[in-house]
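upload.cif follows; it contains mmCIF, C-alpha atoms and all ligand atoms.
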data_target
#
loop_
_atom_site.label_atom_id
_atom_site.label_comp_id
_atom_site.auth_asym_id
_atom_site.auth_seq_id
_atom_site.Cartn_x
_atom_site.Cartn_y
_atom_site.Cartn_z
CA MET A 46 24.05 184.08 14.50
CA HIS A 47 26.68 185.09 11.95
CA MET A 48 25.13 185.96 8.67
CA HIS A 49 27.24 185.26 5.65
CA THR A 50 29.06 188.42 4.64
CA HIS A 51 28.00 188.52 1.04
CA ARG A 52 24.37 188.39 1.93
CA LEU A 53 24.80 190.97 4.63
CA GLU A 54 26.65 193.26 2.24
CA ARG A 55 23.75 193.21 -0.13
CA SER A 56 21.20 194.03 2.52
CA MET A 57 23.50 196.78 3.83
CA ASP A 58 23.49 198.32 0.36
CA ARG A 59 19.77 198.64 0.54
CA LEU A 60 19.83 199.84 4.10
CA VAL A 61 22.29 202.61 3.41
CA THR A 62 20.41 203.95 0.41
CA ASP A 63 17.10 203.68 2.24
CA LEU A 64 18.27 205.53 5.29
CA LEU A 65 20.56 208.10 3.87
CA GLY A 66 19.33 208.68 0.37
CA PRO A 67 21.59 208.43 -2.65
CA LEU A 68 25.20 207.97 -1.73
CA SER A 69 28.19 207.07 -3.71
CA LEU A 70 29.65 203.95 -2.32
CA HIS A 71 33.15 202.73 -2.70
CA ARG A 72 33.35 199.02 -2.30
CA PHE A 73 36.70 197.46 -1.55
CA GLY A 74 37.47 194.07 -3.02
CA HIS A 75 36.36 191.59 -0.46
CA SER A 76 35.40 188.14 -1.64
CA HIS A 77 37.42 185.18 -0.29
CA ASP A 78 38.17 183.71 -3.68
CA ASP A 79 39.27 187.03 -5.13
CA GLY A 80 43.05 187.29 -4.77
CA ALA A 81 42.98 191.08 -5.11
CA ALA A 82 40.99 191.27 -1.91
CA ASP A 83 44.14 190.52 0.10
CA GLU A 84 45.41 193.97 -0.77
CA ASP A 85 42.80 195.50 1.50
CA ASP A 86 43.29 193.15 4.42
CA VAL A 87 45.20 195.05 7.07
CA LEU A 88 46.30 191.87 8.80
CA GLU A 89 47.41 190.50 5.45
CA GLN A 90 49.66 193.55 5.10
CA PHE A 91 51.40 192.57 8.33
CA ARG A 92 51.67 188.99 7.08
CA LYS A 93 53.22 190.26 3.88
CA GLN A 94 55.89 192.11 5.86
CA ALA A 95 56.60 188.86 7.66
CA ARG A 96 56.93 187.03 4.33
CA ASN A 97 59.43 189.67 3.18
CA VAL A 98 61.49 189.10 6.32
CA HIS A 99 61.35 185.36 5.67
CA GLU A 100 62.44 185.80 2.07
CA GLU A 101 65.39 187.99 3.01
CA VAL A 102 66.63 186.08 6.05
CA VAL A 103 65.90 182.47 5.19
CA HIS A 104 66.02 182.34 1.42
CA ASP A 105 68.36 185.16 0.38
CA HIS A 106 70.86 184.66 3.22
CA ASP A 107 70.48 181.02 4.24
CA VAL A 108 69.92 181.87 7.89
CA SER A 109 67.66 179.49 9.80
CA CYS A 110 65.16 181.42 11.81
CA VAL A 111 62.97 180.31 14.71
CA GLU A 112 60.63 182.39 16.85
CA PHE A 113 59.88 181.68 20.52
CA LEU A 114 56.78 183.12 22.08
CA GLY A 115 54.75 182.70 25.22
CA SER A 116 54.15 184.37 28.58
CA THR A 117 56.84 186.24 30.48
CA GLY A 118 58.63 183.69 32.65
CA SER A 119 57.65 180.61 30.64
CA GLY A 120 61.32 179.97 29.86
CA LYS A 121 61.91 181.36 26.35
CA THR A 122 65.28 182.94 27.07
CA THR A 123 66.43 179.91 29.07
CA LEU A 124 65.51 177.63 26.14
CA VAL A 125 67.46 179.77 23.70
CA GLU A 126 70.44 179.71 26.09
CA ARG A 127 70.31 175.89 26.15
CA LEU A 128 70.04 175.71 22.34
CA VAL A 129 72.97 178.09 21.91
CA GLU A 130 75.10 175.98 24.26
CA ARG A 131 74.42 172.97 22.02
CA ALA A 132 75.34 174.72 18.77
CA PRO A 133 78.61 173.84 17.04
CA PRO A 134 81.32 176.42 17.88
CA GLU A 135 81.66 177.61 14.27
CA GLU A 136 78.00 178.61 14.14
CA THR A 137 77.27 182.35 14.28
CA ILE A 138 74.03 183.00 16.13
CA GLY A 139 71.96 186.15 16.34
CA ALA A 140 68.88 186.96 18.37
CA ILE A 141 66.17 189.57 18.17
CA VAL A 142 64.62 190.12 21.56
CA GLY A 143 61.36 191.97 22.00
CA ASP A 144 60.85 193.52 25.36
CA VAL A 145 58.36 196.03 26.66
CA ALA A 146 61.18 197.61 28.66
CA GLY A 147 64.72 196.71 29.64
CA ASP A 148 67.39 194.49 28.14
CA ASP A 149 67.96 191.72 30.70
CA ASP A 150 67.34 188.99 28.13
CA ALA A 151 69.73 190.68 25.73
CA SER A 152 72.58 190.62 28.25
CA ARG A 153 71.88 186.97 29.14
CA LEU A 154 72.15 185.95 25.49
CA GLU A 155 75.15 188.20 24.84
CA ALA A 156 76.90 186.38 27.67
CA HIS A 157 76.42 183.24 25.54
CA GLY A 158 78.19 184.84 22.58
CA VAL A 159 74.99 185.71 20.73
CA GLU A 160 74.77 188.93 18.77
CA VAL A 161 71.59 190.54 20.07
CA VAL A 162 69.34 193.28 18.74
CA ASN A 163 66.96 194.41 21.42
CA VAL A 164 63.60 195.78 20.29
CA ASN A 165 61.93 197.88 22.92
CA THR A 166 58.33 197.71 21.85
CA GLY A 167 57.26 200.39 24.31
CA LYS A 168 53.49 200.59 24.16
CA GLU A 169 53.09 197.83 21.58
CA CYS A 170 52.46 194.47 23.18
CA HIS A 171 53.90 192.34 20.38
CA LEU A 172 56.51 192.32 17.66
CA ASP A 173 55.34 192.69 14.09
CA GLY A 174 56.93 192.10 10.71
CA SER A 175 58.10 195.68 10.31
CA LEU A 176 59.75 195.84 13.75
CA VAL A 177 61.54 192.59 12.95
CA ALA A 178 62.54 193.89 9.52
CA ASP A 179 64.14 196.93 11.19
CA ALA A 180 65.97 194.68 13.65
CA VAL A 181 67.12 192.35 10.87
CA ALA A 182 68.68 195.34 9.10
CA GLU A 183 71.11 195.71 12.00
CA PHE A 184 72.69 192.29 11.41
CA ASP A 185 75.29 191.32 8.88
CA LEU A 186 73.16 188.51 7.48
CA ASP A 187 76.01 187.13 5.37
CA SER A 188 77.93 186.18 8.49
CA LEU A 189 74.93 184.77 10.36
CA ASP A 190 73.95 181.08 10.45
CA ARG A 191 71.00 181.18 12.76
CA LEU A 192 68.58 183.77 14.08
CA TYR A 193 66.33 183.37 17.11
CA VAL A 194 63.48 185.76 17.69
CA GLU A 195 62.06 186.06 21.20
CA ASN A 196 58.66 187.74 21.09
CA VAL A 197 57.25 189.95 23.82
CA GLY A 198 55.71 187.98 26.69
CA ASN A 199 52.10 187.92 25.55
CA MET A 200 49.67 185.09 24.84
CA VAL A 201 47.15 187.07 22.84
CA CYS A 202 48.08 189.33 19.98
CA PRO A 203 51.17 187.56 18.58
CA ALA A 204 48.63 185.12 17.10
CA ASP A 205 47.67 187.76 14.54
CA PHE A 206 51.26 188.76 13.76
CA PRO A 207 53.63 186.18 12.30
CA LEU A 208 57.23 187.40 12.09
CA GLY A 209 58.59 185.43 9.17
CA ALA A 210 60.43 182.70 11.07
CA GLN A 211 60.50 179.16 9.68
CA ALA A 212 58.85 177.94 12.85
CA ARG A 213 56.90 179.62 15.61
CA VAL A 214 57.52 177.76 18.86
CA LEU A 215 55.06 178.45 21.65
CA VAL A 216 56.58 178.01 25.11
CA VAL A 217 54.21 177.44 28.01
CA SER A 218 55.23 176.29 31.45
CA THR A 219 53.52 173.95 33.86
CA THR A 220 53.26 176.80 36.38
CA GLU A 221 50.75 178.52 34.09
CA GLY A 222 48.24 175.80 34.95
CA ASP A 223 47.17 172.90 32.75
CA ASP A 224 44.26 174.94 31.34
CA VAL A 225 46.70 177.29 29.60
CA VAL A 226 46.03 175.66 26.23
CA ARG A 227 42.27 176.07 26.41
CA LYS A 228 42.71 179.69 27.51
CA HIS A 229 44.78 180.63 24.47
CA PRO A 230 43.51 178.47 21.60
CA LEU A 231 44.12 180.93 18.76
CA LEU A 232 47.77 181.30 19.69
CA PHE A 233 48.22 177.52 19.64
CA GLN A 234 46.59 177.42 16.22
CA ALA A 235 48.98 180.10 14.98
CA CYS A 236 52.15 178.26 16.05
CA ASP A 237 54.10 175.32 14.60
CA ALA A 238 55.36 173.59 17.73
CA ALA A 239 54.68 173.73 21.45
CA VAL A 240 57.07 173.39 24.35
CA VAL A 241 55.69 172.46 27.76
CA ASN A 242 58.51 173.75 29.94
CA LYS A 243 59.24 173.36 33.65
CA ALA A 244 58.30 169.69 33.41
CA ASP A 245 60.46 169.24 36.54
CA ILE A 246 57.87 170.99 38.70
CA ALA A 247 54.70 169.72 36.98
CA ASP A 248 53.81 167.45 39.89
CA ALA A 249 54.63 170.09 42.48
CA VAL A 250 52.25 172.59 40.85
CA GLY A 251 49.62 169.94 40.09
CA ALA A 252 49.79 170.29 36.29
CA ASP A 253 48.67 167.31 34.21
CA THR A 254 50.90 167.41 31.12
CA ASP A 255 48.92 164.60 29.46
CA SER A 256 45.78 166.65 29.52
CA MET A 257 47.74 169.59 28.11
CA ARG A 258 48.82 167.35 25.24
CA ASP A 259 45.21 166.26 24.65
CA ASP A 260 44.09 169.89 24.51
CA ILE A 261 46.85 170.77 22.06
CA ASP A 262 45.85 167.83 19.90
CA GLU A 263 42.23 168.98 19.83
CA ILE A 264 42.94 172.66 19.20
CA ALA A 265 46.03 172.45 16.99
CA PRO A 266 45.97 169.04 15.31
CA GLU A 267 49.35 167.66 14.18
CA MET A 268 51.32 170.14 16.29
CA PRO A 269 54.47 168.57 17.76
CA VAL A 270 54.82 168.93 21.54
CA PHE A 271 58.07 168.85 23.53
CA GLU A 272 58.26 168.55 27.29
CA THR A 273 61.36 170.25 28.64
CA ASN A 274 63.13 171.33 31.75
CA ALA A 275 65.05 174.21 30.26
CA ARG A 276 66.74 175.08 33.52
CA ASP A 277 68.53 171.72 33.68
CA GLY A 278 68.67 171.05 29.94
CA VAL A 279 66.25 168.10 29.86
CA GLY A 280 64.35 167.43 26.62
CA ILE A 281 66.27 170.09 24.68
CA ASP A 282 67.88 167.66 22.23
CA ALA A 283 64.52 166.46 20.92
CA LEU A 284 63.38 170.04 20.41
CA SER A 285 66.69 171.05 18.86
CA SER A 286 66.71 168.24 16.32
CA SER A 287 63.17 169.03 15.19
CA LEU A 288 63.88 172.70 14.57
CA PRO A 289 64.47 173.71 10.95
CA ASP A 290 68.13 173.47 10.18
CA THR A 291 68.58 173.72 6.45
CA PRO A 292 66.86 176.88 5.25
CA HIS A 293 66.44 175.75 1.66
CA ALA A 294 64.81 172.47 2.50
CA HIS A 295 61.45 174.06 1.89
CA THR A 296 59.81 175.92 -0.95
CA HIS A 297 56.81 178.19 -1.22
CA MET B 160 46.82 197.20 22.27
CA HIS B 161 47.46 196.69 18.59
CA GLU B 162 43.98 197.72 17.52
CA LEU B 163 45.41 201.22 17.28
CA SER B 164 47.94 200.49 14.55
CA ILE B 165 45.34 198.52 12.64
CA ALA B 166 42.83 201.35 12.99
CA ARG B 167 45.41 203.73 11.57
CA SER B 168 45.81 201.62 8.42
CA LEU B 169 42.06 201.30 7.99
CA VAL B 170 41.41 205.02 8.31
CA GLU B 171 44.29 205.80 5.98
CA GLN B 172 42.79 203.50 3.33
CA ALA B 173 39.36 205.08 3.75
CA VAL B 174 40.69 208.64 3.55
CA ASP B 175 42.71 207.81 0.43
CA ALA B 176 39.68 206.24 -1.25
CA ALA B 177 37.49 209.22 -0.37
CA ALA B 178 40.11 211.58 -1.82
CA ASP B 179 40.13 209.49 -5.02
CA HIS B 180 36.41 210.12 -5.28
CA GLY B 181 36.77 213.83 -4.60
CA ALA B 182 34.69 213.39 -1.45
CA GLU B 183 35.22 215.79 1.42
CA ARG B 184 33.58 213.63 3.99
CA ILE B 185 33.12 209.95 4.78
CA ASP B 186 29.69 209.08 6.16
CA ARG B 187 30.17 205.43 6.88
CA LEU B 188 32.97 202.91 7.27
CA GLU B 189 32.19 199.21 7.01
CA LEU B 190 34.73 196.83 8.46
CA GLU B 191 35.00 193.06 8.27
CA ILE B 192 36.78 191.22 11.05
CA GLY B 193 37.55 187.51 10.99
CA GLU B 194 36.26 185.60 14.01
CA ALA B 195 39.51 183.68 14.30
CA THR B 196 41.50 186.81 15.14
CA HIS B 197 42.03 188.52 18.45
CA LEU B 198 40.66 191.77 17.17
CA ASN B 199 37.87 192.96 19.37
CA PRO B 200 35.14 194.74 17.34
CA ASP B 201 34.32 197.23 20.11
CA GLN B 202 37.95 198.10 20.73
CA LEU B 203 38.62 198.40 17.04
CA THR B 204 35.58 200.66 16.57
CA PHE B 205 36.79 202.84 19.41
CA CYS B 206 40.29 203.02 17.93
CA VAL B 207 38.96 203.86 14.47
CA GLU B 208 36.87 206.67 15.96
CA THR B 209 39.91 207.97 17.82
CA VAL B 210 42.20 207.84 14.82
CA ALA B 211 39.53 209.32 12.52
CA ALA B 212 39.24 212.53 14.54
CA GLU B 213 40.33 215.50 12.44
CA THR B 214 40.17 213.45 9.24
CA PRO B 215 37.31 213.42 6.70
CA ALA B 216 36.09 210.30 8.51
CA ALA B 217 35.65 212.08 11.83
CA GLU B 218 31.85 211.86 11.78
CA ALA B 219 31.56 208.50 10.02
CA ASP B 220 29.32 205.73 11.32
CA ILE B 221 31.32 202.58 11.84
CA ALA B 222 29.79 199.19 11.12
CA VAL B 223 31.60 195.96 11.89
CA THR B 224 30.71 192.60 10.39
CA SER B 225 32.33 189.46 11.71
CA VAL B 226 33.49 186.93 9.14
CA SER B 227 33.03 183.25 9.91
CA PRO B 228 35.95 180.90 9.38
CA GLU B 229 36.11 178.85 6.19
CA GLY B 230 38.57 176.00 5.70
CA VAL B 231 39.98 173.71 3.04
CA CYS B 232 41.65 170.33 3.33
CA ASP B 233 44.12 168.56 1.05
CA CYS B 234 41.55 165.76 0.70
CA GLY B 235 39.24 168.13 -1.14
CA TRP B 236 36.85 169.03 1.67
CA SER B 237 36.02 172.69 2.08
CA GLY B 238 33.46 174.57 4.11
CA ARG B 239 32.69 176.08 7.46
CA PRO B 240 34.63 174.30 10.20
CA ALA B 241 32.82 173.24 13.36
CA GLU B 242 33.45 175.22 16.52
CA ILE B 243 35.45 173.70 19.39
CA GLN B 244 33.30 173.34 22.48
CA ASP B 245 34.04 174.65 25.98
CA LEU B 246 36.47 177.38 25.04
CA PRO B 247 36.29 180.99 26.21
CA MET B 248 36.00 182.21 22.59
CA ALA B 249 34.81 181.01 19.21
CA VAL B 250 37.58 178.83 17.80
CA PRO B 251 37.32 176.80 14.60
CA ASP B 252 37.91 173.06 14.85
CA LEU B 253 40.81 172.56 12.44
CA ARG B 254 40.30 168.79 12.13
CA CYS B 255 38.90 167.94 8.72
CA PRO B 256 35.42 166.40 9.12
CA GLU B 257 36.24 163.97 6.29
CA CYS B 258 39.76 162.77 7.02
CA ASP B 259 40.87 164.33 10.33
CA SER B 260 43.87 166.09 8.75
CA ARG B 261 44.49 169.69 9.59
CA LEU B 262 42.48 172.29 7.70
CA GLU B 263 43.87 175.48 6.26
CA LEU B 264 41.72 178.55 6.95
CA THR B 265 40.73 180.57 3.90
CA ALA B 266 38.55 183.04 5.78
CA GLY B 267 38.15 184.15 9.35
CA THR B 268 41.60 185.66 9.84
CA GLU B 269 41.06 188.94 8.01
CA CYS B 270 40.51 192.51 8.98
CA ARG B 271 39.52 194.84 6.21
CA LEU B 272 37.70 197.92 5.17
CA ALA B 273 34.83 196.50 3.14
CA ARG B 274 33.20 199.72 2.05
CA ILE B 275 32.94 203.42 2.66
CA SER B 276 30.00 205.69 1.97
CA VAL B 277 30.66 209.21 0.81
CA PRO B 278 28.27 212.01 -0.26
CA GLU B 279 27.20 211.91 -3.90
CA THR B 280 29.64 213.66 -6.22
CA ASP B 281 30.03 213.96 -9.98
CA ASP B 282 32.62 211.19 -9.90
CA THR B 283 30.88 207.90 -10.43
CA THR B 284 33.81 205.48 -10.08
N1 LIG C 301 62.07 174.92 37.49
C1 LIG C 301 62.31 175.41 36.28
N2 LIG C 301 62.56 176.73 36.12
C2 LIG C 301 62.78 177.20 34.88
C3 LIG C 301 62.73 176.35 33.75
N3 LIG C 301 62.95 177.09 32.64
C4 LIG C 301 63.15 178.37 33.07
N4 LIG C 301 63.06 178.43 34.40
C5 LIG C 301 63.18 179.64 35.25
O1 LIG C 301 62.05 180.47 34.98
C6 LIG C 301 62.43 181.85 35.04
C7 LIG C 301 62.01 182.56 33.77
O2 LIG C 301 62.74 182.06 32.66
P1 LIG C 301 63.05 182.95 31.37
O3 LIG C 301 63.84 182.09 30.44
O4 LIG C 301 63.63 184.26 31.76
O5 LIG C 301 61.57 183.17 30.82
P2 LIG C 301 61.07 184.10 29.60
O6 LIG C 301 60.48 185.31 30.21
O7 LIG C 301 60.05 183.27 28.89
O8 LIG C 301 62.25 184.41 28.73
C8 LIG C 301 63.92 181.87 35.27
O9 LIG C 301 64.14 182.07 36.65
C9 LIG C 301 64.37 180.47 34.86
O10 LIG C 301 65.51 180.05 35.55
C10 LIG C 301 62.44 174.95 33.95
O11 LIG C 301 62.34 174.14 33.02
N5 LIG C 301 62.22 174.55 35.24
MG MG C 302 62.90 186.28 28.03
ZN ZN C 303 35.17 203.58 -6.13
ZN ZN C 304 49.71 193.38 20.56
ZN ZN C 305 60.78 179.76 3.17
ZN ZN C 306 40.33 166.18 4.76
#
For this file, write the structure as structure tokens.
Ligand SMILES: Nc1nc2c(ncn2[C@@H]2O[C@H](COP(=O)(O)OP(=O)(O)O)[C@@H](O)[C@H]2O)c(=O)[nH]1
Ligand SMILES: [Mg+2]
Ligand SMILES: [Zn+2]
Ligand SMILES: [Zn+2]
Ligand SMILES: [Zn+2]
Ligand SMILES: [Zn+2]
Amino acid sequence: MHMHTHRLERSMDRLVTDLLGPLSLHRFGHSHDDGAADEDDVLEQFRKQARNVHEEVVHDHDVSCVEFLGSTGSGKTTLVERLVERAPPEETIGAIVGDVAGDDDASRLEAHGVEVVNVNTGKECHLDGSLVADAVAEFDLDSLDRLYVENVGNMVCPADFPLGAQARVLVVSTTEGDDVVRKHPLLFQACDAAVVNKADIADAVGADTDSMRDDIDEIAPEMPVFETNARDGVGIDALSSSLPDTPHAHTH
Amino acid sequence: MHELSIARSLVEQAVDAAADHGAERIDRLELEIGEATHLNPDQLTFCVETVAAETPAAEADIAVTSVSPEGVCDCGWSGRPAEIQDLPMAVPDLRCPECDSRLELTAGTECRLARISVPETDDTT
């Protein structure tokens, strides 16, 4: 079904000259093992922006940075509220909140003493590295200890757009149905940890969290899974202690 | 719909390359899209056509090739990962067929302009 690209490229060469006569072709670097090829990859350009954010926030300024993503209503803001409540009082916490419209999440987090930069993405359905870089520029990074990024409620395109956080935490809730993992496999593969939230109402909505775990294990092997009830603060400690804490504990 | 911002980058690259070759027109744009992305070839083609209007690429044919995933494992295995069954889209199985550890994808997540065709000019770069 899917012909290998190199072979196809060669037959395309012939095709183009056959059909259209002599042409001058400009070939962009493209082979997988050719490092220069990355320069032409548009998605790689977005990933590079994300790496720059990571470098600046995590490595240059020692700020631990975690992204939360998932559908609207899955419990991302509630989880961040619970994590903020658990933080030591001397910790300075910032949040970047992506929203298609409005700033409800921003005011909720501000009420918890978090410095918030709201990114109204307007027509864009996801945050990308450059939007986050602009938002990061509004913080005094020297005074910040921790930065949470809440992505726009969307289970599709954030998979293609990392933001530079140390961990991408995908929050799904039991109300989304226990087939939510199989419906959004690429997003699970793109994330570092999964939270199955609203565990308190799993039985009521007929969601089988064990089968969700099995699906995650098949699609995103080795991904840690946390079951939480963010509303009542259940399961938050396990999540909190697994989140990256010491920015320089890793190298690249 | 983020296909639009991606289309903008692709057309920009193509127009720049055509200008480097002294070409006034781009006849064909060839794109490669990794299968393990959410980019939809039809949507992307549509967006490229939209963005290309009133550029030298306005009349260009657009060809999209999908790129199969390739993976590597710490154990030394590399190759084309299997596909996970019973999913609504093609998704690579990231479990190493040799040791069950998680594979790292080395292809299948890209989106690039592979080639443009421009009318013959004196420049033979
Ligand atoms: N029952 C229950 N409700 C929750 C839980 N977590 C969040 N909620 C509720 O779900 C709604 C959406 O939560 P929110 O944090 O705004 O979701 P977000 O859109 O992902 O940021 C709110 O009314 C929360 O109170 C939970 O674990 N259990
Ligand atoms: Mg929210
Ligand atoms: Zn050239
Ligand atoms: Zn998007
Ligand atoms: Zn790092
Ligand atoms: Zn292996």
Residues of chain B that approach chain A to 7 Å or less, counting all atoms listed in the file: could you list each one with the shortest pair of atoms and its distance in Å to one decimal, rows by chain and increasing residue number, as CSV?
residue,atom,partner,partner_atom,distance
B:Met160,CA,A:Cys170,CA,6.3
B:His161,CA,A:Glu169,CA,6.5
B:Ile165,CA,A:Val87,CA,6.6
B:Ser168,CA,A:Val87,CA,6.7
B:Ala195,CA,A:Leu231,CA,7.0
B:Thr196,CA,A:Asp205,CA,6.3
B:His197,CA,A:Cys202,CA,6.3
B:Val226,CA,A:Thr50,CA,6.5
B:Ser227,CA,A:His47,CA,6.9
B:Leu246,CA,A:Arg227,CA,6.1
B:Pro247,CA,A:Lys228,CA,6.7
B:Val250,CA,A:Leu231,CA,6.9
B:Asp252,CA,A:Ile264,CA,6.7
B:Leu253,CA,A:Pro266,CA,6.9
B:Arg254,CA,A:Pro266,CA,6.5
B:Arg261,CA,A:Pro266,CA,5.9
B:Ala266,CA,A:His77,CA,6.5
B:Glu269,CA,A:Asp86,CA,6.0
B:Cys270,CA,A:Asp86,CA,5.4
B:Arg271,CA,A:Asp86,CA,4.5
B:Leu272,CA,A:Asp85,CA,6.7
B:Ala273,CA,A:Phe73,CA,5.1
B:Arg274,CA,A:Arg72,CA,4.4
B:Ile275,CA,A:His71,CA,5.4
B:Ser276,CA,A:Leu70,CA,4.6
B:Val277,CA,A:Ser69,CA,5.6
B:Pro278,CA,A:Leu68,CA,5.3
B:Glu279,CA,A:Leu68,CA,4.9
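Checking A:Pro289, A:Gly158, A:Pro133, A:Gly143 one by one against ligand MG 302 (chain C), counting only C-alpha atoms and all ligand atoms, you find the shortest gap at A:Gly143.
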Centre, edges in Å (one decimal): axis-aligned box, ligand LIG 301 (chain C), 5 Å padding on all six sides, as JSON:
{"center_x": 62.8, "center_y": 179.7, "center_z": 33.1, "size_x": 15.5, "size_y": 21.2, "size_z": 18.8}
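Our summary of the geometry notes that CA of Asn165 (chain A) is positioned 18.6 Å from atom O2 of ligand LIG 301 (chain C).
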Selection near region 209-224 of chain B, 6 Å with all atoms listed in the file, sequence-local residues under 2 positions removed, as a PDB file with C-alpha atoms, keeping the file's coordinate frame:
ATOM      1  CA  ARG B 184      33.580 213.630   3.990  1.00  0.00           C
ATOM      2  CA  ILE B 185      33.120 209.950   4.780  1.00  0.00           C
ATOM      3  CA  ASP B 186      29.690 209.080   6.160  1.00  0.00           C
ATOM      4  CA  ARG B 187      30.170 205.430   6.880  1.00  0.00           C
ATOM      5  CA  LEU B 188      32.970 202.910   7.270  1.00  0.00           C
ATOM      6  CA  GLU B 189      32.190 199.210   7.010  1.00  0.00           C
ATOM      7  CA  LEU B 190      34.730 196.830   8.460  1.00  0.00           C
ATOM      8  CA  GLU B 191      35.000 193.060   8.270  1.00  0.00           C
ATOM      9  CA  CYS B 206      40.290 203.020  17.930  1.00  0.00           C
ATOM     10  CA  VAL B 207      38.960 203.860  14.470  1.00  0.00           C
TER      11      VAL B 207
END
task = Could you give me, as a PyMOL selection string, every polymer residue with an atom at most 6 Å away from an atom of ligand MG 302 (chain C), counting all atoms listed in the file?
result = chain A and resi 121-122+150
message = What residues of the protein or nucleic acid chains come within 12 Å of ligand ZN 306 (chain C) when you use all atoms listed in the file? Reply as number ranges by chain.
response = B: 230-238, 240, 253-263
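One distance worth recording is that between atom O2 of ligand LIG 301 (chain C) and CA of Asp282 (chain A), which is 18.5 Å.
Taking CA of Ala166 (chain B) and CA of Thr204 (chain B) as endpoints, the distance between them is 8.1 Å.
Taking all atoms listed in the file into account, ligand ZN 305 (chain C) lies nearest to A:Ala210 out of the set A:Ala178, A:Ala210, A:Val217, A:Cys236.
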ask   = Which protein, DNA or RNA residues have an atom within 7 Å of ligand LIG 301 (chain C), counting all atoms listed in the file, as a PyMOL selection string?
value = chain A and resi 115-124+150+198+242-246+273-277
Write the residues of the preceding selection, restricted to C-alpha atoms, as a CSV table (one decimal), in the frame of the given file.
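That gives us part10.csv:
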chain,number,residue,atom,x,y,z
A,115,GLY,CA,54.8,182.7,25.2
A,116,SER,CA,54.2,184.4,28.6
A,117,THR,CA,56.8,186.2,30.5
A,118,GLY,CA,58.6,183.7,32.6
A,119,SER,CA,57.6,180.6,30.6
A,120,GLY,CA,61.3,180.0,29.9
A,121,LYS,CA,61.9,181.4,26.4
A,122,THR,CA,65.3,182.9,27.1
A,123,THR,CA,66.4,179.9,29.1
A,124,LEU,CA,65.5,177.6,26.1
A,150,ASP,CA,67.3,189.0,28.1
A,198,GLY,CA,55.7,188.0,26.7
A,242,ASN,CA,58.5,173.8,29.9
A,243,LYS,CA,59.2,173.4,33.6
A,244,ALA,CA,58.3,169.7,33.4
A,245,ASP,CA,60.5,169.2,36.5
A,246,ILE,CA,57.9,171.0,38.7
A,273,THR,CA,61.4,170.2,28.6
A,274,ASN,CA,63.1,171.3,31.8
A,275,ALA,CA,65.0,174.2,30.3
A,276,ARG,CA,66.7,175.1,33.5
A,277,ASP,CA,68.5,171.7,33.7
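Within the 10 Å cut-off around Arg258 (chain A), using all atoms listed in the file and omitting residues fewer than 6 positions from it on the same chain, the listed residues are Asp223, Val226, Ala239, Val241, Ile264, Met268, Pro269, Val270, Phe271 and Glu272 of chain A.
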message = Env of Arg96 (chain A): 9 Å cut, atoms = all atoms listed in the file, seq-sep filter 6 positions within chain, self excluded. Answer as a PyMOL selection string.
response = chain A and resi 174+207-210
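Considering all atoms listed in the file, the residue among A:Glu130, A:Asp107, A:Val177, A:Val197 positioned nearest to ligand ZN 304 (chain C) is A:Val197.
Using all atoms listed in the file, the smallest distance between any of B:Leu169, B:Phe205, B:Ala177, B:Ile243 and ligand ZN 303 (chain C) comes from B:Ala177.
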Asp179 (chain A) environment, 12 Å, only C-alpha atoms, sequence neighbours closer than 2 positions dropped, as a PyMOL selection string = chain A and resi 94-95+97-98+141+162-165+172-177+181-184+208
Keeping only C-alpha atoms, write the selected residues to a file as an mmCIF file, in the coordinates of the input.
data_model
loop_
_atom_site.group_PDB
_atom_site.id
_atom_site.type_symbol
_atom_site.label_atom_id
_atom_site.label_comp_id
_atom_site.auth_asym_id
_atom_site.auth_seq_id
_atom_site.Cartn_x
_atom_site.Cartn_y
_atom_site.Cartn_z
ATOM 1 C CA GLN A 94 55.890 192.110 5.860
ATOM 2 C CA ALA A 95 56.600 188.860 7.660
ATOM 3 C CA ASN A 97 59.430 189.670 3.180
ATOM 4 C CA VAL A 98 61.490 189.100 6.320
ATOM 5 C CA ILE A 141 66.170 189.570 18.170
ATOM 6 C CA VAL A 162 69.340 193.280 18.740
ATOM 7 C CA ASN A 163 66.960 194.410 21.420
ATOM 8 C CA VAL A 164 63.600 195.780 20.290
ATOM 9 C CA ASN A 165 61.930 197.880 22.920
ATOM 10 C CA LEU A 172 56.510 192.320 17.660
ATOM 11 C CA ASP A 173 55.340 192.690 14.090
ATOM 12 C CA GLY A 174 56.930 192.100 10.710
ATOM 13 C CA SER A 175 58.100 195.680 10.310
ATOM 14 C CA LEU A 176 59.750 195.840 13.750
ATOM 15 C CA VAL A 177 61.540 192.590 12.950
ATOM 16 C CA VAL A 181 67.120 192.350 10.870
ATOM 17 C CA ALA A 182 68.680 195.340 9.100
ATOM 18 C CA GLU A 183 71.110 195.710 12.000
ATOM 19 C CA PHE A 184 72.690 192.290 11.410
ATOM 20 C CA LEU A 208 57.230 187.400 12.090
#
